[in-house]
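Chemist: Could you have a look at this structure, given as structure tokens, before my questions?
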Amino acid sequence: MDLGTVVGIVLGQVLIVIAMMSGGSLMAFWNFPSVVIVIGGTSSAVLTAFPLPTCLSIGGILKSAFQDNTRPIGDTTAQLQQFAQKVRKEDLLSLENEQIVDPFMARAVRLAVDGVPVDTIRQTLTDEKKTLETRHKAAQDMLAFTGTMGPAFGMIGTLVGLVQMLQALDDPSAIGPAMAVALLTTLYGAMIANCLAIPLAEKLKARTAVEATNMLLVIEGIDSSVKGENVMITKEKLEAFLSPADRGGGEEAAA
Amino acid sequence: MDLGTVVGIVLGQVLIVIAMMSGGSLMAFWNFPSVVIVIGGTSSAVLTAFPLPTCLSIGGILKSAFQDNTRPIGDTTAQLQQFAQKVRKEDLLSLENEQIVDPFMARAVRLAVDGVPVDTIRQTLTDEKKTLETRHKAAQDMLAFTGTMGPAFGMIGTLVGLVQMLQALDDPSAIGPAMAVALLTTLYGAMIANCLAIPLAEKLKARTAVEATNMLLVIEGIDSSVKGENVMITKEKLEAFLSPADRGGGEEAAA
Amino acid sequence: MDLGTVVGIVLGQVLIVIAMMSGGSLMAFWNFPSVVIVIGGTSSAVLTAFPLPTCLSIGGILKSAFQDNTRPIGDTTAQLQQFAQKVRKEDLLSLENEQIVDPFMARAVRLAVDGVPVDTIRQTLTDEKKTLETRHKAAQDMLAFTGTMGPAFGMIGTLVGLVQMLQALDDPSAIGPAMAVALLTTLYGAMIANCLAIPLAEKLKARTAVEATNMLLVIEGIDSSVKGENVMITKEKLEAFLSPADRGGGEEAAA
Amino acid sequence: MDLGTVVGIVLGQVLIVIAMMSGGSLMAFWNFPSVVIVIGGTSSAVLTAFPLPTCLSIGGILKSAFQDNTRPIGDTTAQLQQFAQKVRKEDLLSLENEQIVDPFMARAVRLAVDGVPVDTIRQTLTDEKKTLETRHKAAQDMLAFTGTMGPAFGMIGTLVGLVQMLQALDDPSAIGPAMAVALLTTLYGAMIANCLAIPLAEKLKARTAVEATNMLLVIEGIDSSVKGENVMITKEKLEAFLSPADRGGGEEAAA
Amino acid sequence: MDLGTVVGIVLGQVLIVIAMMSGGSLMAFWNFPSVVIVIGGTSSAVLTAFPLPTCLSIGGILKSAFQDNTRPIGDTTAQLQQFAQKVRKEDLLSLENEQIVDPFMARAVRLAVDGVPVDTIRQTLTDEKKTLETRHKAAQDMLAFTGTMGPAFGMIGTLVGLVQMLQALDDPSAIGPAMAVALLTTLYGAMIANCLAIPLAEKLKARTAVEATNMLLVIEGIDSSVKGENVMITKEKLEAFLSPADRGGGEEAAA
């Protein structure tokens, strides 16, 4: 469970609701047709813009923003250093029986054990890393697109409301409430974009960055093991990708 | 038929029409001169900005947003693995009689069978892939440009209407309707951009990405076959470009 | 004559003028001081921003947006294939007497005939292609900059008008017309940007892209001829840069 | 202590406060609920968007904007030239006893003394430089994101206030003050963005650039020393990264 | 003296002043507190955002926008061709006594005469070129940042003025002038950005581009001389970086 995401989203909404209630009834901010035009319009634009499979994957995408399943970078480094030591003491084939949870690392080790040439391993794993980054980017693009379309359909709704109001200016007392309702779609659009879509797209970007660093570590670590490099050099190479904080942990694991 | 595109566009329009009718007559939102200035102005800007052949290709471009003719990535992978196995069992020339529908794959196989050096094949196919991406990008740019010009001419129309209204403020009862009409061009421009042009440009981008991945697979697969690499290595190389979901299918096909 | 550019610009202006006249006199949209502040201000910003020689080249730049002098890609391909055949049948020196209109192609052939090493030829021609792209980009940047400054000085003019109007609110009947005049600069700025500067910058970009593709074809074609590659391979290499439509013509020429 | 940051921030706030007081009571610009909605909303968006550890590092990030701990480039150059001279006179191992404060330089020297191959040293140090730049970029992105969300939640707050005001237009005398309060959130959002977040993000970017140049100097300097290059060549190589001003100092140190 | 910069800036200001005077007294547009908030606020943001040394270099930066000290590209080419001929006739050392004004060219010649390996020369000079581009980009970024902050503090000032006005709506006759004053900061901000900061940043960019081309010419020319290449090849290589116009001059010089 990613506490930051949950607390952030709940807090943002609660604050806005409190602000709404502070000036009177919360119901003044509820207008069903306005909700339909903004959420429906934004969804229809997303449906037009992205392939159906990408649209339908939205559930899994959001889940990964709320649950952090990315592996700590320190763990990956520690395991790769263990591998390097094992390869040095025994040989490359000794990795065959390792229990490896991470599928990317498992695949890297399998390629190494199968005797695939080191350049092909590096190429194949790098291509796989790029594929994951591209796939994740599509998901982030969909959220970012939602963050653009929300305000756009908010504005369209407000324009519709304004045109309706302007054509019936006879009753001055109705102008205020009519304009208030017209502004609601702009408000909804801004909330969809700034409380949900844009921050979630950003969180997913950070998540992908960690996953990509993990993959980079696997590529460099397995490469170093296959080449039979000194364990110390492997350690130096891997630590170059860690922040000073993460590096501390890696050093303990290697001791 | 790309259901997402069709449903998305229809749904968006229907929702806005319902919102318009909810406040009175739909005719309040119809103004022929406003339609002419926004659609005509946007078209004239596109005509100024893009070469005639690109402008005239708009029909084909839109068709490819509504019809998904891109080949499933799994199919490409499966066929390339068949080729690799056939080349291993027989030889490169055995591919000559294969029935190949995809013209890019057909061209790649022909180059391989003709004995063109492997570097030249890779270079030529990569250049062809870049050419396709550049050509498709021009089409997407034209739609994105439409998405910028729609609101711009909407604003120009509104400014024209405002100036006209402001110079005849004598009759207060006419101000509201005049301003309503002035706002219509802004509304039309926003609809052209956000219901049509921008989402369609995005959909075409996703389509091109699939096509480019297919081409990348062909380049890697044929390269691997020509070099006479192990079938297992070819499989690993190709799967690196697939998402875990697509990969499942590829594994079956290779079994 | 580029019909698209001419028709696009004329059509856009005519539509706006018709819209202006539909609401009364066209003179309501003419205000000489407003014209001066927008056109003068935008010009002064361009003069500040770009070197004098670039500013003075504006005539030639605009001319190339209205006249399409770029060579059809198919012609370049066909001629390069002729060269390749001639070199195969006779030798490289046989190109010396070819009548070549395009100066870039002439230069490429001259370098080849003079016996300059193939790497130097490729490097030199690539540098020349980059130089052209950079020079053309400066012209496009100047137009795009005009497209940014037009609306900016439009807004400055409107602010000046608003401040003047707000300080003399005594006569209510003067407010409307004064505000109408204030809005005119915004309208002029939007027209300069969206009817002229931005679309013309885009058209020049497309023009440069065709010219760059022509140059790329020359580089690859001469490179292939100097290396004495098979005519068929030269053909494949060149066609990789063509769209399927252009390719048809190229095949005929090679037949 | 970075005087520029401190003076800049204080000066900006003071000027705005003076402007506020010039028109009456400063209290007219204080509204607690508005403060809560803008600061709370922006914080919640940041919390949603960035991983908790990044959010919690905000203290350290801000500290580095106010305290300049980056090493002067001239010092790094001078020390690296001393190393080069020592290596020339004695040998690479003579660097083992050097007192080195900068951890990156210390690590580079240690790798060199340990006899790690020169390509691996360069690769490892370059990876570490990239890691630092990526990590710092995340911090700058967080500040830049704050600079986007501040105005966004300012607008949300203003919309909430406008809707409340518009639904209670009965008392004309309340309209002005209500609208004034509604505008306060927009003002707060603009101040958060333009007085704090955006300028601080920019300052951190400049800081990272200096640090990256220092690292680049270490990479080139150690590389040159390990390769046993001429001291004069090392000097030329390092000075290429200095501005003419910094270069003067470096020459003195080398004399 | 760069006439374009001077005329552009003066013309822009004069036009706006004339527009201001056309509607009454110029004093209506002068408000000292508004000047302080916009110029002071923008300066404080720049001070926060950029290191003090960069801020203090603003004088020199602006000077180089008003004075064009960049060397004509044709001169550089001609001199490099003279060098190439001299090296061919005599030898590399013959360049030792050349009087060279441009410090970059002088340094390049010195490295060549000192017998530094050609790869190191190219690397060192390229690094120096990048350093100059980075340093100049910082100056351009500072001006561009000023162009963003000007309007931002203009808006902050207007918001402050609006809030003050809205809380004192009792006297209707005061509303107009109060709002006029509030708008002045927006006007000042727009003028700082569009008459000064943004165009000057653009001019500096063009200046840096010329300087970078000069450096590129020196790198290629010296490289060619050190390698002892044919004078004709040197000429071809250098001319690839020239526009057709500049090239004419170069040919004369080489004749």
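Within each chain, counting starts at residue 1; across the structure tokens, chains are named A, B, ... in the order shown, with ligands numbered 1 upward in that order.
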For a quick test of understanding: name the residues of chain D lying within 9 Å of chain A when counting only C-alpha atoms, and present them as a ChimeraX atom specification.

Modeler: /D:33-34,36-37,40-52,55,111,116,120-121,123-132,135,138,145,149,152-153,155-157,159-170

Chemist: How many Å separate atom CA of Met27 of chain A from atom CA of Pro151 of chain A?

Modeler: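 According to the coordinates, atom CA of Met27 of chain A and atom CA of Pro151 of chain A are separated by 21.6 Å.
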
Chemist: Let me make sure I understand: among B:Met215, B:Ala245, B:Val231, B:Leu62, which one has the smallest atom-to-atom distance to Asp102 of chain B if we use only C-alpha atoms?

Modeler: B:Met215

Chemist: If I take atom CA of Thr54 of chain A and atom CA of Ala139 of chain B, how far is one from the other in Å, to one decimal?

Modeler: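 The value is 22.2 Å.
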
Chemist: Using the chain letters and numbers from this document, which residues of segment 12-199 of chain C does DSSP assign to alpha helix (DSSP H), as a ChimeraX atom specification?

Modeler: /C:12-22,32-35,41-49,52-56,58-66,73-89,103-113,118-166,172-191,198-199

Chemist: Rounded to one decimal place, report the atom CA of Leu80 of chain E-atom CA of Arg107 of chain C distance in Å.

Modeler: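 These two atoms are separated by 21.2 Å.
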
Chemist: Show me, as a list in words, the residues that have an atom within 12 Å of Asn97 of chain A when counting only C-alpha atoms, minus same-chain residues fewer than 2 positions from it.

Modeler: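 Answer for this query is Phe83, Lys86, Leu92, Leu93, Ser94, Leu95, Gln99, Ile100, Ala106, Val109, Arg110 and Val113 of chain A.
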
Chemist: If you keep N, CA and C atoms, can you produce a file of those selected residues as a PDB file, in the first residue's frame?

Modeler:
```pdb
ATOM      1  N   PHE A  83      25.431 -13.425  -6.350  1.00  0.00           N
ATOM      2  CA  PHE A  83      25.639 -14.193  -7.575  1.00  0.00           C
ATOM      3  C   PHE A  83      27.097 -14.101  -8.017  1.00  0.00           C
ATOM      4  N   LYS A  86      29.270 -16.247  -5.932  1.00  0.00           N
ATOM      5  CA  LYS A  86      29.040 -17.662  -6.204  1.00  0.00           C
ATOM      6  C   LYS A  86      29.714 -18.074  -7.523  1.00  0.00           C
ATOM      7  N   LEU A  92      29.551 -20.385 -13.456  1.00  0.00           N
ATOM      8  CA  LEU A  92      28.326 -19.750 -13.918  1.00  0.00           C
ATOM      9  C   LEU A  92      27.113 -20.674 -13.761  1.00  0.00           C
ATOM     10  N   LEU A  93      27.334 -21.963 -14.003  1.00  0.00           N
ATOM     11  CA  LEU A  93      26.219 -22.920 -13.958  1.00  0.00           C
ATOM     12  C   LEU A  93      25.635 -23.063 -12.554  1.00  0.00           C
ATOM     13  N   SER A  94      26.437 -22.676 -11.536  1.00  0.00           N
ATOM     14  CA  SER A  94      25.958 -22.808 -10.163  1.00  0.00           C
ATOM     15  C   SER A  94      24.748 -21.921  -9.897  1.00  0.00           C
ATOM     16  N   LEU A  95      24.498 -20.956 -10.802  1.00  0.00           N
ATOM     17  CA  LEU A  95      23.342 -20.072 -10.603  1.00  0.00           C
ATOM     18  C   LEU A  95      22.036 -20.765 -10.981  1.00  0.00           C
ATOM     19  N   GLN A  99      16.905 -19.647  -6.369  1.00  0.00           N
ATOM     20  CA  GLN A  99      15.482 -19.286  -6.363  1.00  0.00           C
ATOM     21  C   GLN A  99      15.384 -17.792  -6.663  1.00  0.00           C
ATOM     22  N   ILE A 100      14.866 -17.430  -7.797  1.00  0.00           N
ATOM     23  CA  ILE A 100      14.793 -16.012  -8.163  1.00  0.00           C
ATOM     24  C   ILE A 100      13.340 -15.609  -8.374  1.00  0.00           C
ATOM     25  N   ALA A 106      15.440 -13.532 -13.305  1.00  0.00           N
ATOM     26  CA  ALA A 106      15.399 -14.958 -13.609  1.00  0.00           C
ATOM     27  C   ALA A 106      15.750 -15.193 -15.077  1.00  0.00           C
ATOM     28  N   VAL A 109      19.484 -14.604 -15.679  1.00  0.00           N
ATOM     29  CA  VAL A 109      20.301 -15.729 -15.202  1.00  0.00           C
ATOM     30  C   VAL A 109      20.145 -16.919 -16.151  1.00  0.00           C
ATOM     31  N   ARG A 110      18.913 -17.182 -16.602  1.00  0.00           N
ATOM     32  CA  ARG A 110      18.681 -18.307 -17.515  1.00  0.00           C
ATOM     33  C   ARG A 110      19.489 -18.142 -18.801  1.00  0.00           C
ATOM     34  N   VAL A 113      23.124 -18.868 -17.973  1.00  0.00           N
ATOM     35  CA  VAL A 113      23.361 -20.289 -17.748  1.00  0.00           C
ATOM     36  C   VAL A 113      23.299 -21.069 -19.060  1.00  0.00           C
TER      37      VAL A 113
END
```
